[in-house]
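Peer 1: Provided below: structure.pdb, containing PDB, C-alpha atoms, pLDDT in the B column.
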MODEL        1
ATOM      1  CA  MET A   4       0.000   0.000   0.000  1.00 66.00           C
ATOM      2  CA  GLY A   5       1.275   3.467  -0.829  1.00 79.00           C
ATOM      3  CA  TYR A   6       0.883   6.333   1.630  1.00 92.00           C
ATOM      4  CA  GLN A   7       0.447  10.066   1.015  1.00 95.00           C
ATOM      5  CA  VAL A   8       3.363  10.723   3.385  1.00 97.00           C
ATOM      6  CA  ILE A   9       6.172   8.590   4.763  1.00 98.00           C
ATOM      7  CA  THR A  10       8.117  10.067   7.663  1.00 97.00           C
ATOM      8  CA  VAL A  11      11.647   8.790   8.222  1.00 97.00           C
ATOM      9  CA  THR A  12      13.296   8.722  11.636  1.00 95.00           C
ATOM     10  CA  LEU A  13      16.758   7.273  12.124  1.00 95.00           C
ATOM     11  CA  ASN A  14      16.980   8.119  15.837  1.00 95.00           C
ATOM     12  CA  PRO A  15      13.530   8.105  17.489  1.00 96.00           C
ATOM     13  CA  ALA A  16      13.093   8.767  21.183  1.00 96.00           C
ATOM     14  CA  LEU A  17      10.985   7.836  24.120  1.00 97.00           C
ATOM     15  CA  ASP A  18      10.386  11.271  25.620  1.00 97.00           C
ATOM     16  CA  VAL A  19       9.901  11.114  29.375  1.00 97.00           C
ATOM     17  CA  THR A  20       8.425  14.245  30.941  1.00 97.00           C
ATOM     18  CA  LEU A  21       8.520  14.551  34.708  1.00 97.00           C
ATOM     19  CA  TRP A  22       6.940  17.233  36.875  1.00 98.00           C
ATOM     20  CA  ALA A  23       8.321  18.134  40.306  1.00 97.00           C
ATOM     21  CA  ASP A  24       7.853  20.946  42.780  1.00 96.00           C
ATOM     22  CA  ARG A  25      11.563  21.739  43.092  1.00 93.00           C
ATOM     23  CA  ILE A  26      15.091  20.403  42.706  1.00 91.00           C
ATOM     24  CA  ASP A  27      16.951  19.419  45.828  1.00 89.00           C
ATOM     25  CA  PHE A  28      20.539  18.381  45.127  1.00 91.00           C
ATOM     26  CA  ALA A  29      20.909  16.896  48.621  1.00 95.00           C
ATOM     27  CA  GLU A  30      17.833  14.639  48.543  1.00 93.00           C
ATOM     28  CA  PRO A  31      15.997  12.565  45.935  1.00 94.00           C
ATOM     29  CA  VAL A  32      13.420  14.606  44.005  1.00 92.00           C
ATOM     30  CA  LYS A  33       9.950  13.108  43.996  1.00 94.00           C
ATOM     31  CA  ALA A  34       8.077  13.421  40.700  1.00 96.00           C
ATOM     32  CA  THR A  35       4.515  14.641  41.086  1.00 97.00           C
ATOM     33  CA  ALA A  36       3.521  13.364  37.630  1.00 97.00           C
ATOM     34  CA  GLU A  37       5.074  11.772  34.562  1.00 97.00           C
ATOM     35  CA  LYS A  38       4.209  11.036  30.952  1.00 97.00           C
ATOM     36  CA  VAL A  39       6.038   9.045  28.257  1.00 97.00           C
ATOM     37  CA  TYR A  40       5.621   9.910  24.567  1.00 95.00           C
ATOM     38  CA  ALA A  41       6.886   8.333  21.365  1.00 96.00           C
ATOM     39  CA  GLY A  42       9.079  11.219  20.267  1.00 94.00           C
ATOM     40  CA  GLY A  43      11.292  12.635  17.604  1.00 92.00           C
ATOM     41  CA  LYS A  44      10.382  15.074  14.816  1.00 93.00           C
ATOM     42  CA  SER A  45       9.247  12.457  12.314  1.00 95.00           C
ATOM     43  CA  LEU A  46       7.024  10.665  14.807  1.00 97.00           C
ATOM     44  CA  ASN A  47       5.521  13.990  15.867  1.00 96.00           C
ATOM     45  CA  ILE A  48       4.796  14.774  12.206  1.00 96.00           C
ATOM     46  CA  SER A  49       3.140  11.364  11.732  1.00 97.00           C
ATOM     47  CA  ARG A  50       1.066  11.871  14.869  1.00 96.00           C
ATOM     48  CA  VAL A  51      -0.241  15.230  13.577  1.00 96.00           C
ATOM     49  CA  LEU A  52      -0.901  13.854  10.068  1.00 97.00           C
ATOM     50  CA  THR A  53      -2.819  10.932  11.604  1.00 97.00           C
ATOM     51  CA  GLY A  54      -4.907  13.408  13.604  1.00 96.00           C
ATOM     52  CA  PHE A  55      -5.819  15.185  10.356  1.00 96.00           C
ATOM     53  CA  GLY A  56      -6.721  11.894   8.663  1.00 96.00           C
ATOM     54  CA  ILE A  57      -3.809  11.992   6.204  1.00 96.00           C
ATOM     55  CA  ALA A  58      -2.588   8.494   5.245  1.00 96.00           C
ATOM     56  CA  ASN A  59       0.984   8.223   6.482  1.00 97.00           C
ATOM     57  CA  LYS A  60       3.491   5.795   7.882  1.00 98.00           C
ATOM     58  CA  ALA A  61       6.476   6.372  10.149  1.00 98.00           C
ATOM     59  CA  VAL A  62       9.512   4.281   9.228  1.00 97.00           C
ATOM     60  CA  GLY A  63      13.076   4.172  10.459  1.00 96.00           C
ATOM     61  CA  ILE A  64      15.601   2.511  12.720  1.00 97.00           C
ATOM     62  CA  ALA A  65      14.969   1.616  16.360  1.00 96.00           C
ATOM     63  CA  GLY A  66      16.846  -0.188  19.120  1.00 95.00           C
ATOM     64  CA  LYS A  67      15.191  -3.514  19.818  1.00 95.00           C
ATOM     65  CA  ASN A  68      15.527  -3.530  23.629  1.00 96.00           C
ATOM     66  CA  ASN A  69      12.651  -1.111  24.247  1.00 95.00           C
ATOM     67  CA  LEU A  70      10.953  -1.156  20.836  1.00 97.00           C
ATOM     68  CA  PRO A  71       7.770  -2.761  22.260  1.00 97.00           C
ATOM     69  CA  SER A  72       7.246   0.341  24.438  1.00 97.00           C
ATOM     70  CA  MET A  73       7.601   2.612  21.390  1.00 97.00           C
ATOM     71  CA  GLN A  74       5.239   0.442  19.343  1.00 98.00           C
ATOM     72  CA  GLN A  75       2.623   0.450  22.100  1.00 98.00           C
ATOM     73  CA  LEU A  76       2.712   4.252  22.330  1.00 98.00           C
ATOM     74  CA  LEU A  77       2.433   4.642  18.542  1.00 98.00           C
ATOM     75  CA  GLU A  78      -0.458   2.182  18.423  1.00 98.00           C
ATOM     76  CA  GLN A  79      -2.256   4.173  21.153  1.00 97.00           C
ATOM     77  CA  ASP A  80      -1.874   7.238  18.913  1.00 96.00           C
ATOM     78  CA  GLN A  81      -3.003   5.167  15.862  1.00 97.00           C
ATOM     79  CA  VAL A  82       0.259   5.967  14.041  1.00 98.00           C
ATOM     80  CA  LYS A  83       1.168   3.350  11.442  1.00 98.00           C
ATOM     81  CA  HIS A  84       4.828   2.456  11.781  1.00 98.00           C
ATOM     82  CA  GLU A  85       7.548  -0.001  10.817  1.00 97.00           C
ATOM     83  CA  PHE A  86      11.140  -0.092  11.994  1.00 97.00           C
ATOM     84  CA  VAL A  87      14.374  -1.795  11.054  1.00 97.00           C
ATOM     85  CA  THR A  88      15.881  -2.929  14.348  1.00 96.00           C
ATOM     86  CA  THR A  89      19.385  -2.465  15.674  1.00 95.00           C
ATOM     87  CA  PRO A  90      21.007  -3.748  18.869  1.00 94.00           C
ATOM     88  CA  GLY A  91      20.564  -1.521  21.891  1.00 94.00           C
ATOM     89  CA  SER A  92      17.787   0.743  23.051  1.00 95.00           C
ATOM     90  CA  ILE A  93      15.815   3.621  21.622  1.00 96.00           C
ATOM     91  CA  ARG A  94      17.149   6.757  23.285  1.00 96.00           C
ATOM     92  CA  GLU A  95      15.184   8.081  26.223  1.00 95.00           C
ATOM     93  CA  ASN A  96      15.081  11.848  26.631  1.00 96.00           C
ATOM     94  CA  VAL A  97      14.122  13.415  29.945  1.00 97.00           C
ATOM     95  CA  THR A  98      12.346  16.718  30.495  1.00 97.00           C
ATOM     96  CA  LEU A  99      11.933  17.963  34.059  1.00 97.00           C
ATOM     97  CA  CYS A 100       9.259  20.634  34.539  1.00 97.00           C
ATOM     98  CA  LEU A 101       9.394  22.513  37.841  1.00 97.00           C
ATOM     99  CA  ALA A 102       6.546  24.299  39.603  1.00 95.00           C
ATOM    100  CA  ASP A 103       8.312  27.667  39.113  1.00 96.00           C
ATOM    101  CA  GLY A 104       8.128  27.233  35.328  1.00 96.00           C
ATOM    102  CA  LYS A 105      11.767  26.268  34.788  1.00 96.00           C
ATOM    103  CA  VAL A 106      12.422  23.327  32.488  1.00 97.00           C
ATOM    104  CA  LEU A 107      15.481  21.080  32.251  1.00 95.00           C
ATOM    105  CA  LYS A 108      15.751  18.975  29.081  1.00 96.00           C
ATOM    106  CA  ILE A 109      18.323  16.219  28.600  1.00 96.00           C
ATOM    107  CA  ASN A 110      18.529  14.522  25.202  1.00 93.00           C
ATOM    108  CA  ARG A 111      20.484  11.303  24.881  1.00 93.00           C
ATOM    109  CA  SER A 112      22.489  10.409  21.770  1.00 92.00           C
ATOM    110  CA  GLY A 113      20.849   7.100  20.905  1.00 91.00           C
ATOM    111  CA  PRO A 114      22.424   3.859  19.747  1.00 92.00           C
ATOM    112  CA  GLU A 115      25.087   3.596  17.095  1.00 92.00           C
ATOM    113  CA  VAL A 116      23.714   2.199  13.851  1.00 93.00           C
ATOM    114  CA  ALA A 117      25.459   0.125  11.210  1.00 92.00           C
ATOM    115  CA  PRO A 118      25.500   2.254   8.027  1.00 92.00           C
ATOM    116  CA  ALA A 119      24.361  -0.825   6.082  1.00 93.00           C
ATOM    117  CA  LEU A 120      20.970  -0.501   7.813  1.00 95.00           C
ATOM    118  CA  LEU A 121      20.302   2.556   5.645  1.00 96.00           C
ATOM    119  CA  ASP A 122      19.858   0.172   2.706  1.00 96.00           C
ATOM    120  CA  GLU A 123      17.188  -1.658   4.711  1.00 97.00           C
ATOM    121  CA  VAL A 124      15.499   1.664   5.495  1.00 97.00           C
ATOM    122  CA  ALA A 125      15.567   2.558   1.780  1.00 97.00           C
ATOM    123  CA  SER A 126      13.895  -0.792   0.988  1.00 96.00           C
ATOM    124  CA  LEU A 127      11.310  -0.220   3.707  1.00 96.00           C
ATOM    125  CA  ILE A 128      10.494   3.213   2.301  1.00 96.00           C
ATOM    126  CA  SER A 129      10.309   1.842  -1.260  1.00 95.00           C
ATOM    127  CA  ARG A 130       7.853  -0.900  -0.237  1.00 95.00           C
ATOM    128  CA  ASN A 131       5.468   1.756   1.098  1.00 94.00           C
ATOM    129  CA  LEU A 132       5.692   4.307  -1.728  1.00 93.00           C
ATOM    130  CA  SER A 133       3.100   5.294  -4.255  1.00 90.00           C
ATOM    131  CA  GLU A 134       3.806   7.551  -7.217  1.00 87.00           C
ATOM    132  CA  ASP A 135       2.796  10.725  -5.362  1.00 91.00           C
ATOM    133  CA  THR A 136       4.103   9.944  -1.855  1.00 95.00           C
ATOM    134  CA  ILE A 137       5.970  12.718  -0.060  1.00 96.00           C
ATOM    135  CA  ILE A 138       8.944  11.393   1.937  1.00 96.00           C
ATOM    136  CA  VAL A 139       9.777  13.491   5.014  1.00 96.00           C
ATOM    137  CA  PHE A 140      13.274  13.159   6.479  1.00 95.00           C
ATOM    138  CA  SER A 141      13.495  14.848   9.861  1.00 93.00           C
ATOM    139  CA  GLY A 142      14.933  14.533  13.325  1.00 89.00           C
ATOM    140  CA  GLY A 143      18.347  13.714  14.675  1.00 86.00           C
ATOM    141  CA  MET A 144      20.792  11.161  13.370  1.00 89.00           C
ATOM    142  CA  PRO A 145      22.423   8.275  15.212  1.00 92.00           C
ATOM    143  CA  PRO A 146      25.748   9.466  16.652  1.00 91.00           C
ATOM    144  CA  ASN A 147      27.968   7.460  14.304  1.00 93.00           C
ATOM    145  CA  LEU A 148      26.290   8.217  10.962  1.00 91.00           C
ATOM    146  CA  SER A 149      27.806  10.942   8.820  1.00 88.00           C
ATOM    147  CA  LYS A 150      26.046  13.739   6.979  1.00 86.00           C
ATOM    148  CA  GLU A 151      27.095  11.998   3.787  1.00 87.00           C
ATOM    149  CA  ASP A 152      25.404   8.738   4.891  1.00 90.00           C
ATOM    150  CA  TYR A 153      22.179  10.629   5.527  1.00 89.00           C
ATOM    151  CA  SER A 154      22.436  12.683   2.361  1.00 88.00           C
ATOM    152  CA  GLY A 155      23.004   9.460   0.401  1.00 91.00           C
ATOM    153  CA  LEU A 156      19.758   8.001   1.727  1.00 93.00           C
ATOM    154  CA  ILE A 157      17.879  11.143   0.729  1.00 92.00           C
ATOM    155  CA  GLY A 158      19.596  11.158  -2.668  1.00 90.00           C
ATOM    156  CA  HIS A 159      18.457   7.583  -3.301  1.00 91.00           C
ATOM    157  CA  PHE A 160      14.904   8.928  -3.568  1.00 92.00           C
ATOM    158  CA  THR A 161      15.499  12.330  -5.160  1.00 88.00           C
ATOM    159  CA  GLN A 162      17.444  10.647  -7.970  1.00 88.00           C
ATOM    160  CA  ARG A 163      14.299   8.611  -8.650  1.00 87.00           C
ATOM    161  CA  ASN A 164      12.237  11.823  -8.753  1.00 88.00           C
ATOM    162  CA  HIS A 165      10.306  11.273  -5.528  1.00 90.00           C
ATOM    163  CA  CYS A 166       9.112  14.344  -3.657  1.00 92.00           C
ATOM    164  CA  VAL A 167      11.267  14.772  -0.561  1.00 92.00           C
ATOM    165  CA  ALA A 168      10.956  17.186   2.379  1.00 92.00           C
ATOM    166  CA  VAL A 169      13.992  17.685   4.612  1.00 90.00           C
ATOM    167  CA  ASP A 170      13.769  19.166   8.096  1.00 86.00           C
ATOM    168  CA  ASN A 171      17.085  18.220   9.547  1.00 76.00           C
ATOM    169  CA  VAL A 172      19.982  20.384  10.661  1.00 60.00           C
ATOM    170  CA  PRO A 173      22.669  17.754   9.895  1.00 57.00           C
ATOM    171  CA  VAL A 174      22.114  18.003   6.143  1.00 56.00           C
ATOM    172  CA  VAL A 175      22.235  21.791   6.011  1.00 50.00           C
ATOM    173  CA  GLY A 176      25.399  22.937   4.296  1.00 50.00           C
ATOM    174  CA  ILE A 177      26.024  19.643   2.510  1.00 48.00           C
ATOM    175  CA  GLU A 178      26.677  19.807  -1.180  1.00 48.00           C
ATOM    176  CA  ARG A 179      23.379  18.479  -2.552  1.00 48.00           C
ATOM    177  CA  PRO A 180      23.654  18.333  -6.328  1.00 42.00           C
ATOM    178  CA  GLN A 181      21.248  15.391  -6.507  1.00 50.00           C
ATOM    179  CA  LEU A 182      18.472  17.432  -4.881  1.00 47.00           C
ATOM    180  CA  THR A 183      16.439  19.495  -7.343  1.00 47.00           C
ATOM    181  CA  ALA A 184      13.618  21.978  -7.006  1.00 45.00           C
ATOM    182  CA  GLU A 185      11.240  19.447  -8.565  1.00 49.00           C
ATOM    183  CA  THR A 186      11.949  16.803  -5.930  1.00 46.00           C
ATOM    184  CA  LEU A 187      12.794  18.776  -2.802  1.00 45.00           C
ATOM    185  CA  VAL A 188      10.699  20.701  -0.326  1.00 49.00           C
ATOM    186  CA  ASP A 189      13.197  22.256   2.123  1.00 46.00           C
TER     187      ASP A 189
ENDMDL
END
Here is the file; what I need is its structure written in the form of structure tokens.
Peer 2:
Amino acid sequence: MGYQVITVTLNPALDVTLWADRIDFAEPVKATAEKVYAGGKSLNISRVLTGFGIANKAVGIAGKNNLPSMQQLLEQDQVKHEFVTTPGSIRENVTLCLADGKVLKINRSGPEVAPALLDEVASLISRNLSEDTIIVFSGGMPPNLSKEDYSGLIGHFTQRNHCVAVDNVPVVGIERPQLTAETLVD
């Protein structure tokens, strides 16, 4: 089945938000509430598209240790998804919201990913494409992948004249001769 939009995430996150009255560096801080979200730019985009009734699928790479938690959260949000797995865990980001309005956000790096998995991601995307699918590449990259690795994955689809949207700081400033106005929404 082809989708109107495919979002691509190479480094999704489980975003943990905690609320507390204050920080005490001498004693444990007791959370007053907490919430866990399936996070990362691409998953957020898919969640919004799903809410608007736009046929989409989130695809990417995810650590297998805590993938069932991510899948459960995406299913609760009715987000269609499919991941290539890698050893390790999906990164868990922590946001601490204090009663005085201050916020502390800590983002983890995520697992290292074998560059060869990008070929599997390309195949996964291709299996879900229709002629007019928009492919959205957004969010952070695994710590060991280069800008060139990521740009190569994007180029795989622009060279085949698929419409691609890129919302990702790591590819800014890369020489992108394979990306054309006809195939790129930036």
Peer 1: Which residues match the PyMOL selection byres ((chain A and resi 126-137) around 6) in the file above, as a PyMOL selection string?
Peer 2: chain A and resi 4-8+123-125+138+166-167
Peer 1: Report, in Å to a single decimal, how far apart atom CA of Lys38 of chain A and atom CA of Phe140 of chain A are.
Peer 2: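 Atom CA of Lys38 of chain A lies at a distance of 26.2 Å from atom CA of Phe140 of chain A.
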Peer 1: Name the residues that the PyMOL selection byres ((chain A and resi 113-115) around 9) pulls out of this structure, and write them as number ranges by chain.
Peer 2: A: 14-16, 65-66, 89-95, 110-112, 116-117, 144-148
Peer 1: Let me see the file: selected residues, C-alpha atoms, as an mmCIF file, in the frame of the given file.
Peer 2:
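Now in again_24.cif:
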data_model
loop_
_atom_site.group_PDB
_atom_site.id
_atom_site.type_symbol
_atom_site.label_atom_id
_atom_site.label_comp_id
_atom_site.auth_asym_id
_atom_site.auth_seq_id
_atom_site.Cartn_x
_atom_site.Cartn_y
_atom_site.Cartn_z
ATOM 1 C CA ASN A 14 16.980 8.119 15.837
ATOM 2 C CA PRO A 15 13.530 8.105 17.489
ATOM 3 C CA ALA A 16 13.093 8.767 21.183
ATOM 4 C CA ALA A 65 14.969 1.616 16.360
ATOM 5 C CA GLY A 66 16.846 -0.188 19.120
ATOM 6 C CA THR A 89 19.385 -2.465 15.674
ATOM 7 C CA PRO A 90 21.007 -3.748 18.869
ATOM 8 C CA GLY A 91 20.564 -1.521 21.891
ATOM 9 C CA SER A 92 17.787 0.743 23.051
ATOM 10 C CA ILE A 93 15.815 3.621 21.622
ATOM 11 C CA ARG A 94 17.149 6.757 23.285
ATOM 12 C CA GLU A 95 15.184 8.081 26.223
ATOM 13 C CA ASN A 110 18.529 14.522 25.202
ATOM 14 C CA ARG A 111 20.484 11.303 24.881
ATOM 15 C CA SER A 112 22.489 10.409 21.770
ATOM 16 C CA VAL A 116 23.714 2.199 13.851
ATOM 17 C CA ALA A 117 25.459 0.125 11.210
ATOM 18 C CA MET A 144 20.792 11.161 13.370
ATOM 19 C CA PRO A 145 22.423 8.275 15.212
ATOM 20 C CA PRO A 146 25.748 9.466 16.652
ATOM 21 C CA ASN A 147 27.968 7.460 14.304
ATOM 22 C CA LEU A 148 26.290 8.217 10.962
#
Peer 1: Just to confirm, what's the straight-line distance from atom CA of Leu121 of chain A to atom CA of Asp18 of chain A in Å (one decimal)?
Peer 2: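 Between atom CA of Leu121 of chain A and atom CA of Asp18 of chain A the gap is 23.9 Å.
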Peer 1: Rank nothing, just name the residue among A:Leu70, A:Val87, A:Ala41, A:Leu101 nearest to Asp27 of chain A, using all atoms listed in the file.
Peer 2: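 Nearest to Asp27 of chain A: A:Leu101.
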Peer 1: Quick one: residues within 10 Å of Gly42 of chain A, all atoms listed in the file counted, chain neighbours fewer than 3 positions away excluded, as a ChimeraX atom specification?
Peer 2: /A:12,14-19,39,45-48,50,73,76-77,94-96,142
Peer 1: Please compute the atom CA of His159 of chain A-atom CA of Asp122 of chain A distance, one decimal, in Å.
Peer 2: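 According to the coordinates, atom CA of His159 of chain A and atom CA of Asp122 of chain A are separated by 9.6 Å.
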Peer 1: My list of candidates is A:Lys44, A:His165, A:Lys60, A:Lys67. Which is closest to Glu85 of chain A when distances are computed with all atoms listed in the file?
Peer 2: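 Among the listed residues, A:Lys60 lies closest to Glu85 of chain A.
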Peer 1: Restricting the calculation to only C-alpha atoms: of A:Asn171, A:Gln162, A:Thr20, A:Asn59, which residue gets closest to Lys83 of chain A?
Peer 2: A:Asn59
Peer 1: For the point (5.2, 25.6, 35.0) in file coordinates, what residues are within 12 Å, counting only C-alpha atoms? Give the answer as a list in words?
Peer 2: Leu21, Trp22, Ala23, Asp24, Arg25, Leu99, Cys100, Leu101, Ala102, Asp103, Gly104, Lys105, Val106 and Leu107 of chain A
Peer 1: Draw an axis-aligned box over all listed atoms of segment 59-70 of chain A, pad each side with 3 Å, and write its centre and edge lengths in Å, one decimal, as JSON.
Peer 2:
{"center_x": 8.9, "center_y": 2.3, "center_z": 15.4, "size_x": 21.9, "size_y": 17.8, "size_z": 23.8}
Peer 1: Once the PyMOL selection byres ((chain A and resi 108) around 6) is applied to the coordinates I shared, what remains selected? I want it as an mmCIF file with C-alpha atoms, keeping the file's coordinate frame.
Peer 2:
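Result saved to out08.cif:
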data_model
loop_
_atom_site.group_PDB
_atom_site.id
_atom_site.type_symbol
_atom_site.label_atom_id
_atom_site.label_comp_id
_atom_site.auth_asym_id
_atom_site.auth_seq_id
_atom_site.Cartn_x
_atom_site.Cartn_y
_atom_site.Cartn_z
ATOM 1 C CA VAL A 97 14.122 13.415 29.945
ATOM 2 C CA THR A 98 12.346 16.718 30.495
ATOM 3 C CA LEU A 107 15.481 21.080 32.251
ATOM 4 C CA ILE A 109 18.323 16.219 28.600
#
Peer 1: Could you check the closest approach to Ala58 of chain A for each of A:Val82, A:Val139, A:Val169, A:Leu120 and tell me which residue wins, using only C-alpha atoms?
Peer 2: A:Val82
Peer 1: Given the block above, output segment 76-145 of chain A with C-alpha atoms as a PDB file, in the first residue's frame.
Peer 2:
ATOM      1  CA  LEU A  76       2.712   4.252  22.330  1.00  0.00           C
ATOM      2  CA  LEU A  77       2.433   4.642  18.542  1.00  0.00           C
ATOM      3  CA  GLU A  78      -0.458   2.182  18.423  1.00  0.00           C
ATOM      4  CA  GLN A  79      -2.256   4.173  21.153  1.00  0.00           C
ATOM      5  CA  ASP A  80      -1.874   7.238  18.913  1.00  0.00           C
ATOM      6  CA  GLN A  81      -3.003   5.167  15.862  1.00  0.00           C
ATOM      7  CA  VAL A  82       0.259   5.967  14.041  1.00  0.00           C
ATOM      8  CA  LYS A  83       1.168   3.350  11.442  1.00  0.00           C
ATOM      9  CA  HIS A  84       4.828   2.456  11.781  1.00  0.00           C
ATOM     10  CA  GLU A  85       7.548  -0.001  10.817  1.00  0.00           C
ATOM     11  CA  PHE A  86      11.140  -0.092  11.994  1.00  0.00           C
ATOM     12  CA  VAL A  87      14.374  -1.795  11.054  1.00  0.00           C
ATOM     13  CA  THR A  88      15.881  -2.929  14.348  1.00  0.00           C
ATOM     14  CA  THR A  89      19.385  -2.465  15.674  1.00  0.00           C
ATOM     15  CA  PRO A  90      21.007  -3.748  18.869  1.00  0.00           C
ATOM     16  CA  GLY A  91      20.564  -1.521  21.891  1.00  0.00           C
ATOM     17  CA  SER A  92      17.787   0.743  23.051  1.00  0.00           C
ATOM     18  CA  ILE A  93      15.815   3.621  21.622  1.00  0.00           C
ATOM     19  CA  ARG A  94      17.149   6.757  23.285  1.00  0.00           C
ATOM     20  CA  GLU A  95      15.184   8.081  26.223  1.00  0.00           C
ATOM     21  CA  ASN A  96      15.081  11.848  26.631  1.00  0.00           C
ATOM     22  CA  VAL A  97      14.122  13.415  29.945  1.00  0.00           C
ATOM     23  CA  THR A  98      12.346  16.718  30.495  1.00  0.00           C
ATOM     24  CA  LEU A  99      11.933  17.963  34.059  1.00  0.00           C
ATOM     25  CA  CYS A 100       9.259  20.634  34.539  1.00  0.00           C
ATOM     26  CA  LEU A 101       9.394  22.513  37.841  1.00  0.00           C
ATOM     27  CA  ALA A 102       6.546  24.299  39.603  1.00  0.00           C
ATOM     28  CA  ASP A 103       8.312  27.667  39.113  1.00  0.00           C
ATOM     29  CA  GLY A 104       8.128  27.233  35.328  1.00  0.00           C
ATOM     30  CA  LYS A 105      11.767  26.268  34.788  1.00  0.00           C
ATOM     31  CA  VAL A 106      12.422  23.327  32.488  1.00  0.00           C
ATOM     32  CA  LEU A 107      15.481  21.080  32.251  1.00  0.00           C
ATOM     33  CA  LYS A 108      15.751  18.975  29.081  1.00  0.00           C
ATOM     34  CA  ILE A 109      18.323  16.219  28.600  1.00  0.00           C
ATOM     35  CA  ASN A 110      18.529  14.522  25.202  1.00  0.00           C
ATOM     36  CA  ARG A 111      20.484  11.303  24.881  1.00  0.00           C
ATOM     37  CA  SER A 112      22.489  10.409  21.770  1.00  0.00           C
ATOM     38  CA  GLY A 113      20.849   7.100  20.905  1.00  0.00           C
ATOM     39  CA  PRO A 114      22.424   3.859  19.747  1.00  0.00           C
ATOM     40  CA  GLU A 115      25.087   3.596  17.095  1.00  0.00           C
ATOM     41  CA  VAL A 116      23.714   2.199  13.851  1.00  0.00           C
ATOM     42  CA  ALA A 117      25.459   0.125  11.210  1.00  0.00           C
ATOM     43  CA  PRO A 118      25.500   2.254   8.027  1.00  0.00           C
ATOM     44  CA  ALA A 119      24.361  -0.825   6.082  1.00  0.00           C
ATOM     45  CA  LEU A 120      20.970  -0.501   7.813  1.00  0.00           C
ATOM     46  CA  LEU A 121      20.302   2.556   5.645  1.00  0.00           C
ATOM     47  CA  ASP A 122      19.858   0.172   2.706  1.00  0.00           C
ATOM     48  CA  GLU A 123      17.188  -1.658   4.711  1.00  0.00           C
ATOM     49  CA  VAL A 124      15.499   1.664   5.495  1.00  0.00           C
ATOM     50  CA  ALA A 125      15.567   2.558   1.780  1.00  0.00           C
ATOM     51  CA  SER A 126      13.895  -0.792   0.988  1.00  0.00           C
ATOM     52  CA  LEU A 127      11.310  -0.220   3.707  1.00  0.00           C
ATOM     53  CA  ILE A 128      10.494   3.213   2.301  1.00  0.00           C
ATOM     54  CA  SER A 129      10.309   1.842  -1.260  1.00  0.00           C
ATOM     55  CA  ARG A 130       7.853  -0.900  -0.237  1.00  0.00           C
ATOM     56  CA  ASN A 131       5.468   1.756   1.098  1.00  0.00           C
ATOM     57  CA  LEU A 132       5.692   4.307  -1.728  1.00  0.00           C
ATOM     58  CA  SER A 133       3.100   5.294  -4.255  1.00  0.00           C
ATOM     59  CA  GLU A 134       3.806   7.551  -7.217  1.00  0.00           C
ATOM     60  CA  ASP A 135       2.796  10.725  -5.362  1.00  0.00           C
ATOM     61  CA  THR A 136       4.103   9.944  -1.855  1.00  0.00           C
ATOM     62  CA  ILE A 137       5.970  12.718  -0.060  1.00  0.00           C
ATOM     63  CA  ILE A 138       8.944  11.393   1.937  1.00  0.00           C
ATOM     64  CA  VAL A 139       9.777  13.491   5.014  1.00  0.00           C
ATOM     65  CA  PHE A 140      13.274  13.159   6.479  1.00  0.00           C
ATOM     66  CA  SER A 141      13.495  14.848   9.861  1.00  0.00           C
ATOM     67  CA  GLY A 142      14.933  14.533  13.325  1.00  0.00           C
ATOM     68  CA  GLY A 143      18.347  13.714  14.675  1.00  0.00           C
ATOM     69  CA  MET A 144      20.792  11.161  13.370  1.00  0.00           C
ATOM     70  CA  PRO A 145      22.423   8.275  15.212  1.00  0.00           C
TER      71      PRO A 145
END
